[in-house]
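Dumped my_file-v7.tsv below, it's TSV, C-alpha atoms:
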chain	number	residue	atom	x	y	z
A	61	MET	CA	0.00	0.00	0.00
A	62	LYS	CA	1.27	3.45	-0.91
A	63	GLU	CA	2.19	5.90	1.79
A	64	LYS	CA	-0.47	8.62	2.20
A	65	LYS	CA	1.11	11.90	1.11
A	66	PHE	CA	-1.88	14.17	0.74
A	67	PRO	CA	-5.08	14.26	2.79
A	68	TRP	CA	-7.91	13.75	0.31
A	69	TYR	CA	-10.49	14.82	2.87
A	70	THR	CA	-10.67	17.22	5.79
A	71	ALA	CA	-13.99	16.13	7.36
A	72	LYS	CA	-14.67	19.79	8.19
A	73	GLY	CA	-17.92	19.64	6.25
A	74	ASP	CA	-19.25	16.60	8.04
A	75	ASP	CA	-21.48	18.88	10.09
A	76	GLY	CA	-23.19	20.17	6.91
A	77	SER	CA	-21.32	23.46	6.76
A	78	THR	CA	-18.71	24.87	4.39
A	79	SER	CA	-16.25	27.75	4.47
A	80	LEU	CA	-16.60	30.92	2.46
A	81	LEU	CA	-13.52	32.88	1.44
A	82	GLY	CA	-13.38	35.48	4.17
A	83	ASN	CA	-13.40	33.11	7.11
A	84	GLU	CA	-17.10	32.45	7.55
A	85	ARG	CA	-18.88	29.09	7.71
A	86	VAL	CA	-22.35	28.65	6.29
A	87	PRO	CA	-24.70	25.72	5.69
A	88	LYS	CA	-23.94	23.86	2.46
A	89	TYR	CA	-27.42	24.70	1.21
A	90	TYR	CA	-26.76	28.45	1.69
A	91	PRO	CA	-27.27	30.43	-1.55
A	92	GLN	CA	-23.56	31.05	-2.17
A	93	PRO	CA	-22.39	27.41	-2.09
A	94	GLU	CA	-25.46	26.51	-4.11
A	95	THR	CA	-24.50	29.08	-6.76
A	96	TYR	CA	-20.79	28.38	-7.01
A	97	GLY	CA	-21.60	24.67	-6.94
A	98	THR	CA	-23.86	25.16	-9.94
A	99	VAL	CA	-21.12	27.12	-11.73
A	100	ASP	CA	-18.79	24.20	-10.99
A	101	GLU	CA	-21.43	21.85	-12.44
A	102	ALA	CA	-21.63	24.07	-15.55
A	103	SER	CA	-17.86	23.94	-15.93
A	104	SER	CA	-17.95	20.14	-15.74
A	105	ALA	CA	-20.71	20.01	-18.37
A	106	LEU	CA	-18.63	22.31	-20.57
A	107	GLY	CA	-15.66	19.99	-19.99
A	108	LEU	CA	-17.71	17.07	-21.26
A	109	ALA	CA	-18.71	19.10	-24.32
A	110	ARG	CA	-15.05	20.06	-24.88
A	111	ALA	CA	-14.01	16.40	-24.69
A	112	LEU	CA	-16.69	15.44	-27.22
A	113	SER	CA	-16.12	18.28	-29.67
A	114	THR	CA	-14.07	17.57	-32.77
A	115	HIS	CA	-13.50	21.25	-33.56
A	116	PRO	CA	-10.28	22.76	-32.13
A	117	PRO	CA	-11.66	26.34	-32.10
A	118	VAL	CA	-14.68	25.15	-30.08
A	119	LYS	CA	-12.41	23.23	-27.70
A	120	ASP	CA	-10.26	26.35	-27.21
A	121	ALA	CA	-13.28	28.56	-26.57
A	122	LEU	CA	-14.69	26.13	-24.01
A	123	LEU	CA	-11.39	25.81	-22.16
A	124	SER	CA	-11.15	29.59	-21.99
A	125	VAL	CA	-14.66	29.76	-20.53
A	126	GLN	CA	-13.91	27.02	-18.00
A	127	ARG	CA	-10.95	29.05	-16.77
A	128	ASP	CA	-13.21	32.10	-16.42
A	129	LEU	CA	-15.71	30.07	-14.42
A	130	TYR	CA	-12.94	28.92	-12.08
A	131	GLN	CA	-12.20	32.59	-11.33
A	132	MET	CA	-15.90	33.35	-11.00
A	133	MET	CA	-16.34	30.62	-8.40
A	134	ALA	CA	-13.78	32.30	-6.15
A	135	GLU	CA	-15.77	35.53	-6.11
A	136	LEU	CA	-19.03	33.65	-5.57
A	137	ALA	CA	-17.42	31.73	-2.68
A	138	ALA	CA	-16.29	34.91	-0.92
A	139	THR	CA	-18.15	36.75	1.77
A	140	PRO	CA	-19.57	40.05	0.48
A	141	LYS	CA	-16.90	41.85	2.52
A	142	ALA	CA	-14.04	39.84	0.94
A	143	ALA	CA	-15.45	39.50	-2.60
A	144	HIS	CA	-13.57	42.51	-4.00
A	145	GLN	CA	-10.29	40.61	-3.45
A	146	PHE	CA	-11.47	37.91	-5.86
A	147	ARG	CA	-13.23	40.07	-8.45
A	148	ILE	CA	-12.02	39.16	-11.92
A	149	ILE	CA	-15.11	39.01	-14.14
A	150	ASP	CA	-15.72	42.42	-15.68
A	151	ASP	CA	-17.11	43.94	-18.87
A	152	LYS	CA	-14.04	42.78	-20.85
A	153	TYR	CA	-14.94	39.17	-20.12
A	154	VAL	CA	-18.51	39.80	-21.29
A	155	ALA	CA	-17.21	41.51	-24.44
A	156	ARG	CA	-14.98	38.51	-25.17
A	157	LEU	CA	-18.04	36.24	-25.00
A	158	ASN	CA	-19.89	38.60	-27.35
A	159	ASP	CA	-16.98	38.29	-29.79
A	160	MET	CA	-17.07	34.50	-29.57
A	161	ILE	CA	-20.83	34.45	-30.17
A	162	ASP	CA	-20.40	36.68	-33.23
A	163	ARG	CA	-17.46	34.66	-34.58
A	164	PHE	CA	-19.11	31.26	-34.20
A	165	GLY	CA	-22.63	32.54	-34.87
A	166	CYS	CA	-21.79	33.62	-38.40
A	167	GLN	CA	-20.97	29.97	-39.17
A	168	VAL	CA	-24.51	28.68	-38.47
A	169	ASP	CA	-28.04	29.60	-39.41
A	170	MET	CA	-30.28	30.52	-36.50
A	171	PRO	CA	-33.05	27.92	-36.18
A	172	ARG	CA	-36.51	29.34	-36.88
A	173	GLU	CA	-38.10	27.26	-34.13
A	174	PHE	CA	-37.22	25.66	-30.81
A	175	VAL	CA	-34.86	22.72	-31.15
A	176	ILE	CA	-34.71	19.34	-29.49
A	177	PRO	CA	-31.19	18.57	-28.22
A	178	GLY	CA	-29.50	15.34	-29.19
A	179	ASP	CA	-28.55	15.49	-32.86
A	180	THR	CA	-24.86	15.09	-31.98
A	181	THR	CA	-23.15	14.07	-28.78
A	182	ALA	CA	-21.16	17.29	-28.52
A	183	GLY	CA	-24.21	19.40	-29.36
A	184	ALA	CA	-26.28	17.61	-26.72
A	185	ALA	CA	-23.52	18.15	-24.14
A	186	LEU	CA	-23.49	21.86	-24.99
A	187	ASP	CA	-27.27	22.06	-24.67
A	188	LEU	CA	-27.02	20.37	-21.27
A	189	ALA	CA	-24.30	22.85	-20.25
A	190	ARG	CA	-26.55	25.71	-21.43
A	191	THR	CA	-29.32	24.63	-19.07
A	192	VAL	CA	-26.91	24.37	-16.13
A	193	VAL	CA	-25.52	27.83	-16.95
A	194	ARG	CA	-29.08	29.19	-16.99
A	195	ARG	CA	-29.66	27.75	-13.52
A	196	ALA	CA	-26.42	29.34	-12.29
A	197	GLU	CA	-27.57	32.64	-13.79
A	198	ARG	CA	-30.90	32.47	-11.93
A	199	GLN	CA	-29.06	31.74	-8.70
A	200	ALA	CA	-26.61	34.62	-9.29
A	201	VAL	CA	-29.52	37.00	-9.85
A	202	LYS	CA	-30.96	35.90	-6.51
A	203	LEU	CA	-27.58	36.45	-4.81
A	204	PHE	CA	-27.44	39.92	-6.35
A	205	ASP	CA	-31.01	40.75	-5.29
A	206	ASP	CA	-30.28	39.47	-1.77
A	207	GLY	CA	-27.14	41.62	-1.46
A	208	LEU	CA	-24.74	38.66	-1.37
A	209	LEU	CA	-23.24	39.50	-4.79
A	210	HIS	CA	-22.24	42.98	-5.92
A	211	ASN	CA	-20.67	42.24	-9.31
A	212	ARG	CA	-23.46	42.47	-11.89
A	213	GLN	CA	-20.96	41.43	-14.59
A	214	ILE	CA	-21.24	37.84	-13.34
A	215	ILE	CA	-24.92	37.85	-14.27
A	216	ARG	CA	-24.16	39.34	-17.68
A	217	TYR	CA	-21.36	36.81	-18.24
A	218	LEU	CA	-23.60	33.84	-17.42
A	219	ASN	CA	-26.34	35.22	-19.66
A	220	ARG	CA	-23.91	35.49	-22.59
A	221	LEU	CA	-22.41	32.10	-21.82
A	222	SER	CA	-25.78	30.41	-22.25
A	223	SER	CA	-26.07	32.09	-25.66
A	224	LEU	CA	-22.58	30.90	-26.59
A	225	CYS	CA	-23.50	27.35	-25.59
A	226	PHE	CA	-26.58	27.52	-27.84
A	227	VAL	CA	-24.53	28.77	-30.79
A	228	LEU	CA	-21.79	26.17	-30.28
A	229	ALA	CA	-24.39	23.38	-30.00
A	230	ARG	CA	-25.88	24.42	-33.34
A	231	LEU	CA	-22.38	24.61	-34.84
A	232	GLU	CA	-21.63	21.07	-33.63
A	233	ASP	CA	-24.94	19.81	-35.01
A	234	ASN	CA	-24.57	21.58	-38.36
A	235	THR	CA	-20.96	20.71	-39.12
A	236	THR	CA	-21.69	17.00	-38.90
A	237	GLY	CA	-24.42	17.35	-41.50
A	238	THR	CA	-27.18	16.28	-39.12
A	239	GLY	CA	-28.71	19.72	-38.81
A	240	THR	CA	-30.98	20.59	-35.91
A	241	THR	CA	-34.18	18.78	-35.02
A	242	PRO	CA	-37.08	21.23	-34.58
A	243	ALA	CA	-39.34	20.85	-31.55
A	244	LYS	CA	-42.41	20.78	-33.79
A	245	ASP	CA	-42.87	17.80	-36.10
A	246	ALA	CA	-43.04	19.02	-39.71
A	247	THR	CA	-45.79	16.47	-40.47
A	248	GLU	CA	-48.18	18.01	-37.97

Would you give me this structure, written as structure tokens?
Amino acid sequence: MKEKKFPWYTAKGDDGSTSLLGNERVPKYYPQPETYGTVDEASSALGLARALSTHPPVKDALLSVQRDLYQMMAELAATPKAAHQFRIIDDKYVARLNDMIDRFGCQVDMPREFVIPGDTTAGAALDLARTVVRRAERQAVKLFDDGLLHNRQIIRYLNRLSSLCFVLARLEDNTTGTGTTPAKDATE
């Protein structure tokens, strides 16, 4: 058996609490851990989409976004008093997402109706990531409204990210030749 070199657990959360950056413990169901946990979930879903994508520019864009989300989680995990120390996401990050949406968006036609995810594996993973990002956005709005988040750019970033996920999902679907399945059956 190998010698234990690193403690893989601390057991500090066994009581149902977790630490915020700024030296405060809160219940794990508290809005902040719920929100940064959802951002973490979104990053993992984006990682799955990145692993499934066959397009290097899409992979690069997703990795860039995952790195942004890692920074975002630090701010979301901070107490309101300490959050300014971890503030990274600003209007430049939102503008970069706008640029990505424009760059990738010009490569696909916007569907004229709602779509059903699942035409490609990578596209389906991106659609799943989009829904997780939307949930994180709703939670961030609640944090903002409750005074636990002061950086409105996080909300804007998550809003744009869901749009980017939609565009990249359509790009993945279209470049394989499968197209996008509309929600309404054409025979109806």

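Proximity ranking of A:Asn83, A:Ser222, A:Thr78, A:Thr70 relative to Gly97 of chain A places A:Thr78 first, based on all atoms listed in the file.
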
task = Write out as a list in words the residues lying within 9 Å of Glu197 of chain A, counting all atoms listed in the file and excluding same-chain residues fewer than 2 positions away.
result = Thr95, Val99, Val192, Val193, Arg194, Arg195, Gln199, Ala200, Val201, Lys202, Ile214, Ile215, Arg216, Tyr217, Leu218, Asn219 and Ser222 of chain A

Shell around Leu186 of chain A at 12 Å using all atoms listed in the file, local window under 6 positions removed, as a compact mmCIF listing (two decimals) with C-alpha atoms, keeping the file's coordinate frame:
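File written: out.txt
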# COMPACT_ATOMS: atom_id res chain seq x y z
CA ALA A 102 -21.63 24.07 -15.55
CA SER A 103 -17.86 23.94 -15.93
CA SER A 104 -17.95 20.14 -15.74
CA ALA A 105 -20.71 20.01 -18.37
CA LEU A 106 -18.63 22.31 -20.57
CA GLY A 107 -15.66 19.99 -19.99
CA LEU A 108 -17.71 17.07 -21.26
CA ALA A 109 -18.71 19.10 -24.32
CA ARG A 110 -15.05 20.06 -24.88
CA ALA A 111 -14.01 16.40 -24.69
CA LEU A 112 -16.69 15.44 -27.22
CA SER A 113 -16.12 18.28 -29.67
CA VAL A 118 -14.68 25.15 -30.08
CA LYS A 119 -12.41 23.23 -27.70
CA LEU A 122 -14.69 26.13 -24.01
CA PRO A 177 -31.19 18.57 -28.22
CA GLY A 178 -29.50 15.34 -29.19
CA ASP A 179 -28.55 15.49 -32.86
CA THR A 180 -24.86 15.09 -31.98
CA VAL A 192 -26.91 24.37 -16.13
CA VAL A 193 -25.52 27.83 -16.95
CA LEU A 221 -22.41 32.10 -21.82
CA SER A 222 -25.78 30.41 -22.25
CA SER A 223 -26.07 32.09 -25.66
CA LEU A 224 -22.58 30.90 -26.59
CA CYS A 225 -23.50 27.35 -25.59
CA PHE A 226 -26.58 27.52 -27.84
CA VAL A 227 -24.53 28.77 -30.79
CA LEU A 228 -21.79 26.17 -30.28
CA ALA A 229 -24.39 23.38 -30.00
CA ARG A 230 -25.88 24.42 -33.34
CA LEU A 231 -22.38 24.61 -34.84
CA GLU A 232 -21.63 21.07 -33.63
CA ASP A 233 -24.94 19.81 -35.01

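If all atoms listed in the file are the atoms counted, then among A:His144, A:Arg127, A:Arg85, A:Lys72 the closest residue to Asn211 of chain A is A:His144.
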
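Distances here use all atoms listed in the file; by that measure, the residue among A:Asp75, A:Glu94, A:Glu84, A:Asp150 closest to His210 of chain A is A:Asp150.
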
Go ahead and fit an axis-aligned box to every listed atom of segment 181-197 of chain A plus 5 Å each side, and pass me the centre and edge lengths in Å, one decimal, as AutoDock Vina command-line options.
--center_x -25.4 --center_y 23.4 --center_z -20.8 --size_x 18.5 --size_y 28.6 --size_z 27.1

request  = Would you please work out which residue, of A:Ala196, A:Ala184, A:Arg163, A:Arg147, is nearest to Thr98 of chain A when using all atoms listed in the file?
outcome  =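 Closest to Thr98 of chain A, using all atoms listed in the file: A:Ala196.
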
Selection: 12 Å around Ala155 of chain A, all atoms listed in the file, excl. self and same-chain fewer than 3 positions, as a VMD selection string = chain A and resid 149 to 152 158 to 162 213 216 to 217 220 to 221

key: Close residues, Leu209 of chain A itself excluded, 8 Å, all atoms listed in the file, min 4 positions apart in chain, as a PyMOL selection string   = chain A and resi 136+140+200+203-205

query = Just how far from atom CA of Leu129 of chain A is atom CA of Val175 of chain A, in Å to one decimal?
reply = 26.5 Å

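Counting from atom CA of Gln92 of chain A, the distance to atom CA of Tyr130 of chain A is 14.7 Å.
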
request  = Would you work out the distance separating atom CA of Ile148 of chain A from atom CA of Met132 of chain A, expressed in Å to one decimal?
outcome  =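 Taking atom CA of Ile148 of chain A as the start and atom CA of Met132 of chain A as the end point, the length is 7.0 Å.
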
key: Given all atoms listed in the file as the counted atoms, nearest of A:Gln167, A:Thr191, A:Thr181, A:Ser77 to Thr114 of chain A   =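 With all atoms listed in the file as the atom set, the closest residue is A:Thr181.
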